[in-house]
Each structure stands twice: as C-alpha cells, then as structure tokens.
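The structure under discussion appears below in the form of structure tokens.
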Amino acid sequence: MDRIAVISDIHGNLPALQAVLDDIRNRHINRIFCLGDLIGKGPSSDLIVDLVRNSCETVIQGNWDKHISESSEDHPVDHYHRNILREERLEYLRKLPFSIEFYLSGKFIRLVHASPRSVDERIQPMDSLDSRLSLFEYSELCQTKKQADILGYGDIHNAYLQNFQGKTLFNVGSVGNPLEITEASYALLEGQYNREEIGPYSIQFVRVPYDIESAIEQAIQSGMPQLEKYILELRTAEYRGNKV
C-alpha cells in the first residue's frame with residue numbers, strides 16, 4: 001500500500017506546519033501533496049513557502065497564493081505579505097498548477113484548492129446537493145477531461161467526507177487555520193498509487209495538536225495586520241467573518 005499525506009491552508013502558521021510535518025514523518029510517509037494557501041493570515045508566509053517547497057512532492061495554487069502574488073494593490077494585508085515573500089517566492093506562487101490528478105486503487109482522484117472551476121468558488125458540506133455534486137465535474141483548468149471518482153479539496157478549513165452513489169467527496173481541513181476544531185488537520189490516503197486496477201483504499205483524517213500560543217506570539221512579534229482577527233481564529237476555531 002502507498003500512503004499520501006494531503007495538506008492544505010497553512011496560512012503562514014509555522015508551528016502548525018512543523019507539527020504536521022513531524023507527525024507525517026513519524027508515520028514514515030514520504031509523499032506529501034499540498035492543496036494551496038501557503039500564505040496569508042499568519043506571519044510566516046516566507047518560511048512556509050520555503051518549507052512546503054522542500055517538503056511536498058506537488059503543490060497547487062490557492063486563492064491567497066494567487067491573489068497576493070498577482071496583486072498590485074497597496075492594501076495593508078497584501079503589502080505585508082508581498083514584502084516578506086519577495087519576488088522569487090511570489091513568482092513561485094504564480095506558477096503553481098491548478099490541480100493534482102492520479103489513480104489510487106482504480107479510483108480517479110482529482111485534488112483542487114476550492115473547486116474544479118476556480119480557486120475562489122467556496123462550497124461547504126451543508127450547501128445544496130447540486131453544488132456538492134458539481135465538484136466531481138471538470139473544467140478547462142483541469143488536466144483530464146473526465147469526472148472524478150474522488151474529489152478532495154481545501155479552502156473552507158472544515159474537514160469532512162461524504163459519499164454520493166459511488167463517488168466520494170472530502171475536504172482535508174486546514175493545517176494553520178482550522179475553523180471547526182483548534183487542531184491542525186490533514187488527510188491520509190492509502191491505496192495503490194497510479195494503479196487503475198480496482199483494489200482496497202482508504203481516506204483517513206488526522207488531527208494534530210500544536211502550540212497555538214507560540215503561533216500567536218510569533219504573530220504579535222511580527223507586527224502583522226489584522227492581528228486580533230487571527231488570534232480569534234486560532235484560539236476559538238471561529239471564522240472571523242462570523243463576528244459582527
């Protein structure tokens with residue numbers, strides 16, 4: 001059996017990523033796929049890009065990666081992250097691919113950041129059935145023009161798995177900014193990698209405790225923008241947009 005760790009939405013949180021990578025190493029897993037949003041929110045976008053680039057076999061682009069690297073606006077958040085990333089890392093983020101596609105024990109798997117159509121389209125587990133079923137479709141952005149048997153994604157920071165008449169939809173959750181449990185999240189896929197023959201496979205969710213207060217202290221010391229919103233999300237796993 002081959003094993004693949006799938007991580008996503010690190011958002012500049014170095015202690016969380018280090019804890020997840022330690023857990024992956026302790027499980028003797030050598031293949032790591034990253035579904036984007038390396039940067040933003042937290043203070044360590046530069047260090048995260050370097051660590052992910054050195055640790056992950058394949059990395060795709062998230063909405064924060066795309067918009068921060070392509071932005072020319074002088075918004076304080078954009079300016080902060082572009083300033084610490086510098087041009088070489090920004091260029092790396094601009095060139096990241098859109099999707100990861102492969103067979104696992106006969107199942108065609110597509111991994112995207114948010115949807116097969118866009119890095120910005122946000123679909124939650126409680127959204128309409130049609131919206132969720134649409135995630136198995138493909139667009140011109142995908143490598144292969146066929147429906148996925150299994151679709152995995154990030155973006156919503158909410159790990160879950162649902163089955164639909166032979167198809168499986170899952171979200172890996174977030175390493176650095178989980179919004180349902182205050183522990184880092186990633187998914188573990190097990191099966192025969194790149195094999196089109198039907199066989200056993202599994203999808204497992206892993207939660208990893210990490211030093212939240214250390215992450216908050218790093219944020220305080222950095223002088224990053226939107227600090228209080230970031231601290232709220234790390235300590236409570238409550239999305240900042242829910243606060244009015």
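How things are named: the first chain in the structure tokens is A, the next is B, and so on; residues count from 1 in each chain; ligands count from 1 in the order shown.
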**OP:** Would you please give, as an NGL selection string, all residues of stretch 10-226 of chain A that DSSP assigns to alpha helix (DSSP H) based on the backbone?
**Re:** :A and (14-26 or 45-55 or 63-70 or 76-94 or 129-133 or 212-222)
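We find atom CA of A:Pro209 and atom CA of A:Ala16 to be spaced 8.0 Å apart.
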Given only C-alpha atoms, how would the per-residue table for stretch 34-104 of chain A near stretch 221-240 of chain A read, listing every residue at most 9 Å away with its closest atom pair and distance in Å to one decimal, sorted by chain and number, as CSV?
```
residue,atom,partner,partner_atom,distance
A:Lys41,CA,A:Tyr230,CA,6.5
A:Gly42,CA,A:Tyr230,CA,7.1
A:Pro43,CA,A:Met224,CA,6.2
A:Ser44,CA,A:Ser222,CA,8.7
A:Pro76,CA,A:Pro225,CA,6.7
A:Val77,CA,A:Pro225,CA,6.0
A:Tyr80,CA,A:Met224,CA,7.0
A:His81,CA,A:Met224,CA,8.8
```
Original post:
So which residues touch A:Leu21 within 12 Å, counting only C-alpha atoms, skipping near sequence neighbours fewer than 2 positions away, as a ChimeraX atom specification?
Top reply: /A:5-7,10,14-19,23-34,48,51-52,54-56,175,184-186,206,208,210
Original post:
How many Å lie between atom CA of A:Tyr153 and atom CA of A:Arg110, rounded to one decimal?
Top reply: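 Taking atom CA of A:Tyr153 and atom CA of A:Arg110, their separation equals 8.5 Å.
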Original post:
Which one of A:Leu189, A:Ile150, A:Val119, A:Ile181 sits closest to A:Lys167 if you count only C-alpha atoms?
Top reply: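 Distance minimum relative to A:Lys167 lands on A:Ile150.
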**OP:** Skip stretch 156-158 of chain A itself and residues of its chain fewer than 4 positions away, then list as a list in words all residues within 7 Å of it, counting only C-alpha atoms.
**Re:** Arg122, Gln124, Asn171, Gly173, Ser174, Asn177, Pro178, Leu179 and Glu180 of chain A
Mind writing the picked residues with N, CA and C atoms as a PDB file, in the first residue's frame?
```
ATOM      1  N   ARG A 122     -16.442  28.751  -3.308  1.00  0.00           N
ATOM      2  CA  ARG A 122     -16.478  28.184  -1.958  1.00  0.00           C
ATOM      3  C   ARG A 122     -17.720  27.319  -1.784  1.00  0.00           C
ATOM      4  N   GLN A 124     -19.489  24.495   0.782  1.00  0.00           N
ATOM      5  CA  GLN A 124     -19.483  23.939   2.132  1.00  0.00           C
ATOM      6  C   GLN A 124     -20.221  22.588   2.169  1.00  0.00           C
ATOM      7  N   ASN A 171     -12.937  16.977   2.222  1.00  0.00           N
ATOM      8  CA  ASN A 171     -12.166  18.182   2.451  1.00  0.00           C
ATOM      9  C   ASN A 171     -11.109  17.876   3.501  1.00  0.00           C
ATOM     10  N   GLY A 173      -9.486  19.895   5.425  1.00  0.00           N
ATOM     11  CA  GLY A 173      -9.374  20.823   6.537  1.00  0.00           C
ATOM     12  C   GLY A 173      -8.163  21.723   6.371  1.00  0.00           C
ATOM     13  N   SER A 174      -7.736  22.337   7.444  1.00  0.00           N
ATOM     14  CA  SER A 174      -6.650  23.318   7.396  1.00  0.00           C
ATOM     15  C   SER A 174      -5.548  22.971   8.386  1.00  0.00           C
ATOM     16  N   ASN A 177      -5.111  27.085  10.016  1.00  0.00           N
ATOM     17  CA  ASN A 177      -6.230  27.966  10.348  1.00  0.00           C
ATOM     18  C   ASN A 177      -7.539  27.165  10.395  1.00  0.00           C
ATOM     19  N   PRO A 178      -7.563  26.062  11.178  1.00  0.00           N
ATOM     20  CA  PRO A 178      -8.775  25.239  11.231  1.00  0.00           C
ATOM     21  C   PRO A 178      -9.945  26.015  11.818  1.00  0.00           C
ATOM     22  N   LEU A 179     -11.128  25.763  11.258  1.00  0.00           N
ATOM     23  CA  LEU A 179     -12.305  26.517  11.681  1.00  0.00           C
ATOM     24  C   LEU A 179     -13.430  25.612  12.166  1.00  0.00           C
ATOM     25  N   GLU A 180     -13.080  24.426  12.728  1.00  0.00           N
ATOM     26  CA  GLU A 180     -14.075  23.592  13.403  1.00  0.00           C
ATOM     27  C   GLU A 180     -13.528  23.012  14.696  1.00  0.00           C
TER      28      GLU A 180
END
```
**OP:** Could you give me, as a list in words, the residues within 12 Å of stretch 129-132 of chain A, counting only C-alpha atoms and dropping anything in the same chain fewer than 4 positions from it?
**Re:**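 The residues that qualify are Ala114, Ser115, Pro116, Glu121, Arg122, Ile123, Gln124, Pro125, Phe136, Glu137, Leu151, Gly152, Tyr153, Leu161, Gln162, Asn163, Phe164, Lys167, Thr168, Leu169, Phe170 and Asn171 of chain A.
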**OP:** Step one, run DSSP on the backbone; step two, keep only residues of stretch 152-193 of chain A assigned to strand (DSSP E or B); then write them as an NGL selection string.
**Re:** :A and (152-153 or 160-164 or 167-171 or 184-191 or 193)
Subject >> Contacts of A:Pro97 at 8 Å (only C-alpha atoms; same-chain gap of 2+ positions) as an MDAnalysis selection string >> reply: chainID A and resid 59:61 95 99
Subject >> Interatomic distance, atom CA of A:Met126 to atom CA of A:Arg3 (Å, one decimal) >> reply: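 Computing it gives 29.1 Å between the two atoms.
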Original post:
Taking into account only C-alpha atoms, which residue in the set A:Val49, A:Ile109, A:Ile198, A:Ala219 is nearest to A:Asp149?
Top reply: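 Looking only at the distances to A:Asp149, the closest residue turns out to be A:Ile109.
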Original post:
From the list A:Arg53, A:Arg89, A:Arg207, A:Arg117, which residue is nearest A:Ala187 when using only C-alpha atoms?
Top reply: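 Once distances to A:Ala187 are computed over only C-alpha atoms, the minimum belongs to A:Arg207.
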Subject >> All residues 9 Å or closer to A:Glu190, only C-alpha atoms, same chain fewer than 4 positions away omitted, as a list in words >> reply: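 In the requested format, the answer is Met1, Asp2, Arg3, Ile4, Ala5, Leu104, Ser105, Pro200, Tyr201, Ser202, Ile203 and Gln204 of chain A.
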Export of prior selection with C-alpha atoms as a PDB file, in the first residue's frame:
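Contents of again.pdb, as written:
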```pdb
ATOM      1  CA  MET A   1       0.000   0.000   0.000  1.00  0.00           C
ATOM      2  CA  ASP A   2       1.135   3.518  -0.830  1.00  0.00           C
ATOM      3  CA  ARG A   3       0.354   6.375   1.548  1.00  0.00           C
ATOM      4  CA  ILE A   4      -0.099  10.029   0.651  1.00  0.00           C
ATOM      5  CA  ALA A   5      -0.457  12.900   3.114  1.00  0.00           C
ATOM      6  CA  LEU A 104      -5.473   5.258  -6.490  1.00  0.00           C
ATOM      7  CA  SER A 105      -6.549   1.596  -6.470  1.00  0.00           C
ATOM      8  CA  PRO A 200      -8.633  -1.515  -1.416  1.00  0.00           C
ATOM      9  CA  TYR A 201      -8.129   2.119  -0.481  1.00  0.00           C
ATOM     10  CA  SER A 202      -8.847   4.393   2.461  1.00  0.00           C
ATOM     11  CA  ILE A 203      -9.222   8.061   3.386  1.00  0.00           C
ATOM     12  CA  GLN A 204      -8.319   8.999   6.945  1.00  0.00           C
TER      13      GLN A 204
END
```
**OP:** Determine the nearest neighbour of A:Leu47 from the options A:Leu90, A:Leu85, A:Glu213, A:Glu73, counting only C-alpha atoms.
**Re:**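 Between A:Leu90, A:Leu85, A:Glu213, A:Glu73, the residue approaching A:Leu47 most closely is A:Leu85.
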